[in-house]
Amino acid sequence: MATVTAAVVVSQPPEHLNSFSDSDERSSTDGEDVAAVSRVSALEDSIFAAYLQISGGRSPIQDLAKIRSFLSAASGRSGPFVACLICLERIRPSDPIWSCSTGCHAIFHLHCIQNWANQCSQRPVSSSSLSLSSDWHCPKCRLSYSRSLIPRYYFCFCGKLEDPPSDPWILPHSCGEVCNRPLRGNCGHECLLLCHPGPCPPCPKLITARCFCGSLEDVRRCSQKSFSCNLPCPRSLPCSSHRCPERCHDGPCPPCQIKGFCKCSCGKTEEERVCAERGFRCDRSCNGLLSCGKHNCSRGCHSGHCGDCPLQGTRTCPCGKKEYKGVSCDADVPTCGSTCEKVLSCGLHRCPERCHRGPCVENCRTVVLKCCRCGSLKKEVPCYQDLNCERKCLRMRDCGRHACKHRCCNGECPSCQEICGRKLRCNNHKCPSLCHRGSCAPCPLMVTISCFCGETYFEVPCGVEKNQKPPKCPKSCNVPRLCRHKFEGRSHKCHYGACPPCRMMCGEELPCGHSCKQRCHGPMPPPNPEFTLKPKRRKWREVLDMVCSKKVRFSCQNLCGNLLSCGNHYCTKSCHTLKYHPSTLDEGGKDGFAQDQVFVDSGSELAESCEDCFLPCQKAREPACLHPCPQLCHSGNCPPCEVLLKRSCHCGAMVHVFKCIYYNGLSGEEQQRVRSCRGPCHRKLPNCPHLCSDICHPGECPSIVQCLKKVTVRCACNNLKKEWLCCDVQSVYRDAGRDAKDVAKSQFGIGLIPCNAECASKVKANTELQIRKVKIPQDTGIVDVAGPKQRKRRERVQAVQQISKFQALSSFLKRCLFFAFIFLVVCSFVYYGYKGLFLLSDWMYEMEERRITKGFSRY
């Protein structure tokens, strides 16, 4: 199979290359989503092409599902953005990155992971720690890496290219070449995908493999070469009496579980046991006679002979200094009377007693000078006794925040067991790990952001939710209307804030018998709270118990919460005395603001009105367009959109300018009609050198094959010529097996008429005229320049003058002398100018001294 070296090419160019005008904008968000999905699909198809070709397009879904998730995250199409788990900032396609290639395959900024690794590997060495202090771990999966593996350079996902360029046509952080990393299982094959994030898929190649028991041979994928044939296992069990009862399986066969009566090793006990435990040992002692015939065997249940007596042969005294030969095994060996001198349990001193039977003293009582563990106290104590002082260790533990405080510490302070408790980067939680050095691990919690009804939601890492917006919910708003049109009104999508007012006519019957023809003025539902992830504030009204005679208005320090004049937002001032507040909204008022205002306490000096709303308008415009409303937040409908849109005509000859309200209000057919320039199409036909003769139109030109323009057709020698229709010329080329697209414009129609006898005579006459032309000699040094017949004849004589070597050498010496003279002049000017400055300075000092001396002489 040939190695695939194609780059990862996206089928569509980037967004900034798709626009045909600076002011053109996308028509809808749905079109952008469809284009993004198509780009990601094309990217995945190009990366998986070689893998699917090897597997025959029958790759299981689970093999590529995990890689698809990594691809969607790396290409930025799975959500708002991909964030680094250390700094919680966005990872851009041009940022250097590092990925945990042997663990979770998470992506981090290169400088963030370098700082993380350096801080983790600079912890002090602790003998109580099982892992080396120079190791560092992945912030997400906690996989340990050695200090030598701290990333220093920026590589692509497969590790072949350093500093991969940012190319909009390939996957970000990818080299665009084949991965070629060894696959899992050490099968000897390499990854066939293009450079990609995440783990490599299982090997898709087909090989011939045998089952676990070797009974069946089959052609299978290399990643699934270990399989079971589901036939009974033909191997014998270790007991050599029975066969394996299981079906074809991996690994050794299980122990034999067939029960039977078995004897122990010594043969005194018979029990019912499984076949795998037939060589068991009972609890009885052997008590058999040794070879001496005087002592019994002290071993437990065993098979075979009991062995020789260990007391036979040459024997020594208890301390081992004196040997005795020929002593019977049942006789006691006398002591030698010298000092024992066996090494005591301390390993430093010897036993001071005489040769004796039995063990030496357990505790060494030799007085020695000892030093405590921390080295601050020295004292003579018995050898077996440990010396500890009362001094507390003031060294800092490995966390760098807390002292050891152990009494008489030997310098190997244990790791800190207190909880870190520092605030994480999310500013919402505290670190639950043990006290440590460096930055804390990212917050592992996820925050759910949902719409008002809770049907549409997504999850983001904790700490990022403050910069997120609630998702757009396609469900209908579940807030019921309170007016009489709640079953007739048009439904709207789920939203935050107040529901739009009812736009239907009131229709309520008046006492006079007529129906009300005003807009619906029934009760409005209470507005939904604004989207916020901060803790909910307390109630805007607060009651405080106080003496009746001292009753006075007070501020509860909560938010005011009264509806502003825009009718969309609420006052964010702290609790204050209201001067007035709007009671109802009237859409017929000036600029859509409220006209009915209830005065609450206008005479009080502390009374103040609620704040003015200066937020931009966030309403959806009708008809829908992408331009925001230019006014500040207001009630009522937004003014019509007057933004100018540029749209080119179908043939590209001119650009039309439309108002947004006019253009978006037209149907699709009307938009195509108004974009026509009403002139010739100006588009070149693909099969001939002519332009389309129809009026500017959308789609493909109708006269591609039926072009009715006249073409001059000539013979091969350009002597005969005729006029044909362009469609006839194309048909002649088509019958001859040639494509009219490949014929050059200057050769179109030449060679279609056969030559006759006149053509041959004319060609012969032209050849004779060419022979009779007088050739101009080349060595005269005079060139005759003559233009074509259409221009005037001009005669110029150009004399080529030869320059001798002496003249060239003299001109070179003159140039050198000129540059040397200029150099001497510049050096002289600099030298004498510098010296003149010193002379001028000395003269000024001398004049200053004379002036001072003359001034003192007067007195």
# chains A, B, ... in the order shown; residues from 1 in each chain; ligands from 1
>>> select_by_dssp(residues="range 710-743 of chain A", states="alpha helix (DSSP H)", output="ChimeraX atom specification")
/A:726-735
>>> write_last_selection(atoms="N, CA and C atoms", output="mmCIF file, in the first residue's frame")
data_model
loop_
_atom_site.group_PDB
_atom_site.id
_atom_site.type_symbol
_atom_site.label_atom_id
_atom_site.label_comp_id
_atom_site.auth_asym_id
_atom_site.auth_seq_id
_atom_site.Cartn_x
_atom_site.Cartn_y
_atom_site.Cartn_z
ATOM 1 N N CYS A 726 -21.222 30.046 -34.924
ATOM 2 C CA CYS A 726 -20.359 29.503 -33.865
ATOM 3 C C CYS A 726 -20.819 28.109 -33.446
ATOM 4 N N CYS A 727 -22.145 27.873 -33.429
ATOM 5 C CA CYS A 727 -22.642 26.556 -33.027
ATOM 6 C C CYS A 727 -22.221 25.484 -34.026
ATOM 7 N N ASP A 728 -22.112 25.861 -35.371
ATOM 8 C CA ASP A 728 -21.660 24.899 -36.370
ATOM 9 C C ASP A 728 -20.183 24.574 -36.177
ATOM 10 N N VAL A 729 -19.380 25.600 -35.826
ATOM 11 C CA VAL A 729 -17.952 25.359 -35.573
ATOM 12 C C VAL A 729 -17.778 24.409 -34.401
ATOM 13 N N GLN A 730 -18.587 24.603 -33.339
ATOM 14 C CA GLN A 730 -18.485 23.724 -32.175
ATOM 15 C C GLN A 730 -18.872 22.291 -32.528
ATOM 16 N N SER A 731 -19.891 22.129 -33.376
ATOM 17 C CA SER A 731 -20.300 20.774 -33.762
ATOM 18 C C SER A 731 -19.219 20.079 -34.575
ATOM 19 N N VAL A 732 -18.484 20.859 -35.456
ATOM 20 C CA VAL A 732 -17.393 20.270 -36.237
ATOM 21 C C VAL A 732 -16.281 19.791 -35.320
ATOM 22 N N TYR A 733 -15.934 20.629 -34.331
ATOM 23 C CA TYR A 733 -14.902 20.222 -33.361
ATOM 24 C C TYR A 733 -15.356 18.991 -32.579
ATOM 25 N N ARG A 734 -16.646 18.965 -32.245
ATOM 26 C CA ARG A 734 -17.165 17.847 -31.462
ATOM 27 C C ARG A 734 -17.135 16.547 -32.281
ATOM 28 N N ASP A 735 -17.453 16.639 -33.583
ATOM 29 C CA ASP A 735 -17.405 15.442 -34.429
ATOM 30 C C ASP A 735 -15.985 14.952 -34.639
#
>>> residues_around(residues="range 318-335 of chain A", least_positions_apart="3", cutoff="10 Å", atoms="only C-alpha atoms", output="list of chain:residue names")
A:Cys292, A:Lys294, A:His295, A:Cys309, A:Pro310, A:Leu311, A:Gln312, A:Gly313, A:Thr314, A:Arg315, A:Ser338, A:Thr339, A:Cys340, A:Glu341, A:Lys342, A:Arg354, A:Cys355, A:His356, A:Arg357, A:Gly358, A:Pro359
>>> residues_around(residues="range 504-506 of chain A", least_positions_apart="6", cutoff="9 Å", atoms="only C-alpha atoms", output="ChimeraX atom specification")
/A:484-485,488-489,515-522
>>> write_last_selection(atoms="C-alpha atoms", output="PDB file, in the first residue's frame")
ATOM      1  CA  ARG A 484     -58.196  37.612  26.906  1.00  0.00           C
ATOM      2  CA  HIS A 485     -56.119  36.576  23.852  1.00  0.00           C
ATOM      3  CA  GLU A 488     -55.319  33.352  20.127  1.00  0.00           C
ATOM      4  CA  GLY A 489     -52.035  35.247  20.311  1.00  0.00           C
ATOM      5  CA  SER A 515     -66.319  46.633  20.528  1.00  0.00           C
ATOM      6  CA  CYS A 516     -63.050  48.248  21.680  1.00  0.00           C
ATOM      7  CA  LYS A 517     -60.767  48.932  18.686  1.00  0.00           C
ATOM      8  CA  GLN A 518     -57.613  49.788  20.623  1.00  0.00           C
ATOM      9  CA  ARG A 519     -54.601  47.568  21.073  1.00  0.00           C
ATOM     10  CA  CYS A 520     -54.936  44.959  23.804  1.00  0.00           C
ATOM     11  CA  HIS A 521     -54.477  46.713  27.155  1.00  0.00           C
ATOM     12  CA  GLY A 522     -55.112  43.742  29.415  1.00  0.00           C
TER      13      GLY A 522
END
>>> select_by_dssp(residues="range 696-737 of chain A", states="strand (DSSP E or B)", output="MDAnalysis selection string")
chainID A and resid 710:715 721:725
>>> residues_around(residues="Cys84 in chain A", least_positions_apart="3", cutoff="7 Å", atoms="only C-alpha atoms", output="PyMOL selection string")
chain A and resi 87-91+107-109
>>> residues_around(residues="Gln618 in chain A", least_positions_apart="4", cutoff="10 Å", atoms="only C-alpha atoms", output="PDB file with N, CA, C and O atoms, in the first residue's frame")
ATOM      1  N   ASN A 568     -38.030  47.339  29.909  1.00  0.00           N
ATOM      2  CA  ASN A 568     -37.329  46.079  29.686  1.00  0.00           C
ATOM      3  C   ASN A 568     -36.392  45.702  30.812  1.00  0.00           C
ATOM      4  O   ASN A 568     -36.095  44.529  31.003  1.00  0.00           O
ATOM      5  N   PRO A 628     -28.089  45.506  14.260  1.00  0.00           N
ATOM      6  CA  PRO A 628     -28.724  45.874  15.540  1.00  0.00           C
ATOM      7  C   PRO A 628     -29.452  47.198  15.434  1.00  0.00           C
ATOM      8  O   PRO A 628     -29.179  48.035  14.564  1.00  0.00           O
ATOM      9  N   CYS A 629     -30.376  47.376  16.323  1.00  0.00           N
ATOM     10  CA  CYS A 629     -31.132  48.635  16.371  1.00  0.00           C
ATOM     11  C   CYS A 629     -30.210  49.763  16.826  1.00  0.00           C
ATOM     12  O   CYS A 629     -29.488  49.615  17.822  1.00  0.00           O
ATOM     13  N   GLN A 631     -30.918  52.594  18.217  1.00  0.00           N
ATOM     14  CA  GLN A 631     -31.411  53.345  19.367  1.00  0.00           C
ATOM     15  C   GLN A 631     -31.027  52.652  20.671  1.00  0.00           C
ATOM     16  O   GLN A 631     -30.650  51.478  20.700  1.00  0.00           O
ATOM     17  N   LEU A 632     -31.140  53.409  21.766  1.00  0.00           N
ATOM     18  CA  LEU A 632     -30.961  52.824  23.087  1.00  0.00           C
ATOM     19  C   LEU A 632     -32.194  51.997  23.434  1.00  0.00           C
ATOM     20  O   LEU A 632     -33.186  51.980  22.701  1.00  0.00           O
ATOM     21  N   CYS A 633     -32.105  51.298  24.546  1.00  0.00           N
ATOM     22  CA  CYS A 633     -33.198  50.418  24.958  1.00  0.00           C
ATOM     23  C   CYS A 633     -34.506  51.203  25.032  1.00  0.00           C
ATOM     24  O   CYS A 633     -34.575  52.273  25.654  1.00  0.00           O
ATOM     25  N   HIS A 634     -35.560  50.691  24.422  1.00  0.00           N
ATOM     26  CA  HIS A 634     -36.826  51.411  24.335  1.00  0.00           C
ATOM     27  C   HIS A 634     -37.956  50.401  24.307  1.00  0.00           C
ATOM     28  O   HIS A 634     -37.763  49.204  24.090  1.00  0.00           O
ATOM     29  N   CYS A 638     -38.999  48.552  16.916  1.00  0.00           N
ATOM     30  CA  CYS A 638     -37.790  49.233  16.457  1.00  0.00           C
ATOM     31  C   CYS A 638     -38.076  49.915  15.118  1.00  0.00           C
ATOM     32  O   CYS A 638     -38.934  49.476  14.349  1.00  0.00           O
TER      33      CYS A 638
END
>>> atom_distance(atom1="CA of Pro529 in chain A", atom2="CA of Cys556 in chain A")
20.4 Å
>>> closest_atom_pairs(of="range 697-777 of chain A", to="range 650-669 of chain A", cutoff="10 Å", atoms="only C-alpha atoms", output="tab-separated table")
residue	atom	partner	partner_atom	distance
A:His697	CA	A:His650	CA	5.8
A:Pro698	CA	A:His650	CA	5.3
A:Gly699	CA	A:His650	CA	7.9
A:Cys701	CA	A:Cys651	CA	9.9
>>> write_last_selection(atoms="C-alpha atoms", output="CSV table (one decimal), in the first residue's frame")
chain,number,residue,atom,x,y,z
A,697,HIS,CA,-29.8,36.5,-15.7
A,698,PRO,CA,-29.1,34.1,-12.7
A,699,GLY,CA,-27.8,30.6,-13.2
A,701,CYS,CA,-26.2,30.9,-19.5
>>> atom_distance(atom1="CA of Leu52 in chain A", atom2="CA of Cys156 in chain A")
22.9 Å
>>> closest_residue(among="A:Gly279, A:Pro199, A:Gly751, A:Pro204", to="Gln224 in chain A", atoms="only C-alpha atoms")
A:Pro204
>>> residues_around(residues="Glu246 in chain A", least_positions_apart="2", cutoff="10 Å", atoms="only C-alpha atoms", output="ChimeraX atom specification")
/A:230-234,243-244,248-249,253-254
>>> residues_around(residues="Gly103 in chain A", least_positions_apart="6", cutoff="10 Å", atoms="only C-alpha atoms", output="VMD selection string")
chain A and resid 138 140 to 144 198 to 199
>>> closest_residue(among="A:Gly375, A:Leu387, A:Leu344, A:Cys715", to="Cys360 in chain A", atoms="only C-alpha atoms")
A:Leu344
>>> decode(residues="range 432-443 of chain A", atoms="N, CA, C and O atoms", output="mmCIF file, in the first residue's frame")
data_model
loop_
_atom_site.group_PDB
_atom_site.id
_atom_site.type_symbol
_atom_site.label_atom_id
_atom_site.label_comp_id
_atom_site.auth_asym_id
_atom_site.auth_seq_id
_atom_site.Cartn_x
_atom_site.Cartn_y
_atom_site.Cartn_z
ATOM 1 N N PRO A 432 -9.444 21.322 47.221
ATOM 2 C CA PRO A 432 -9.663 20.283 48.235
ATOM 3 C C PRO A 432 -8.465 19.370 48.436
ATOM 4 O O PRO A 432 -8.522 18.473 49.272
ATOM 5 N N SER A 433 -7.367 19.566 47.690
ATOM 6 C CA SER A 433 -6.212 18.682 47.787
ATOM 7 C C SER A 433 -5.387 19.003 49.023
ATOM 8 O O SER A 433 -5.602 20.013 49.702
ATOM 9 N N LEU A 434 -4.419 18.113 49.305
ATOM 10 C CA LEU A 434 -3.484 18.380 50.384
ATOM 11 C C LEU A 434 -2.602 19.558 50.018
ATOM 12 O O LEU A 434 -2.396 19.877 48.847
ATOM 13 N N CYS A 435 -2.076 20.217 51.022
ATOM 14 C CA CYS A 435 -1.281 21.428 50.816
ATOM 15 C C CYS A 435 -0.111 21.113 49.879
ATOM 16 O O CYS A 435 0.582 20.099 50.048
ATOM 17 N N HIS A 436 0.147 21.965 48.900
ATOM 18 C CA HIS A 436 1.133 21.678 47.864
ATOM 19 C C HIS A 436 1.754 22.972 47.408
ATOM 20 O O HIS A 436 1.299 24.072 47.714
ATOM 21 N N ARG A 437 2.828 22.820 46.629
ATOM 22 C CA ARG A 437 3.486 23.955 46.009
ATOM 23 C C ARG A 437 2.871 24.243 44.635
ATOM 24 O O ARG A 437 2.219 23.395 44.051
ATOM 25 N N GLY A 438 3.143 25.449 44.114
ATOM 26 C CA GLY A 438 2.721 25.791 42.764
ATOM 27 C C GLY A 438 1.231 26.039 42.661
ATOM 28 O O GLY A 438 0.497 26.142 43.662
ATOM 29 N N SER A 439 0.804 26.122 41.444
ATOM 30 C CA SER A 439 -0.598 26.421 41.173
ATOM 31 C C SER A 439 -1.473 25.211 41.485
ATOM 32 O O SER A 439 -1.033 24.066 41.387
ATOM 33 N N CYS A 440 -2.690 25.494 41.887
ATOM 34 C CA CYS A 440 -3.646 24.427 42.166
ATOM 35 C C CYS A 440 -4.171 23.863 40.843
ATOM 36 O O CYS A 440 -4.125 24.508 39.793
ATOM 37 N N ALA A 441 -4.668 22.659 40.920
ATOM 38 C CA ALA A 441 -5.260 22.031 39.742
ATOM 39 C C ALA A 441 -6.535 22.770 39.344
ATOM 40 O O ALA A 441 -7.186 23.393 40.185
ATOM 41 N N PRO A 442 -6.891 22.758 38.062
ATOM 42 C CA PRO A 442 -8.123 23.422 37.641
ATOM 43 C C PRO A 442 -9.343 22.820 38.329
ATOM 44 O O PRO A 442 -9.351 21.662 38.737
ATOM 45 N N CYS A 443 -10.351 23.642 38.451
ATOM 46 C CA CYS A 443 -11.584 23.194 39.098
ATOM 47 C C CYS A 443 -12.211 22.083 38.249
ATOM 48 O O CYS A 443 -12.458 22.263 37.054
#
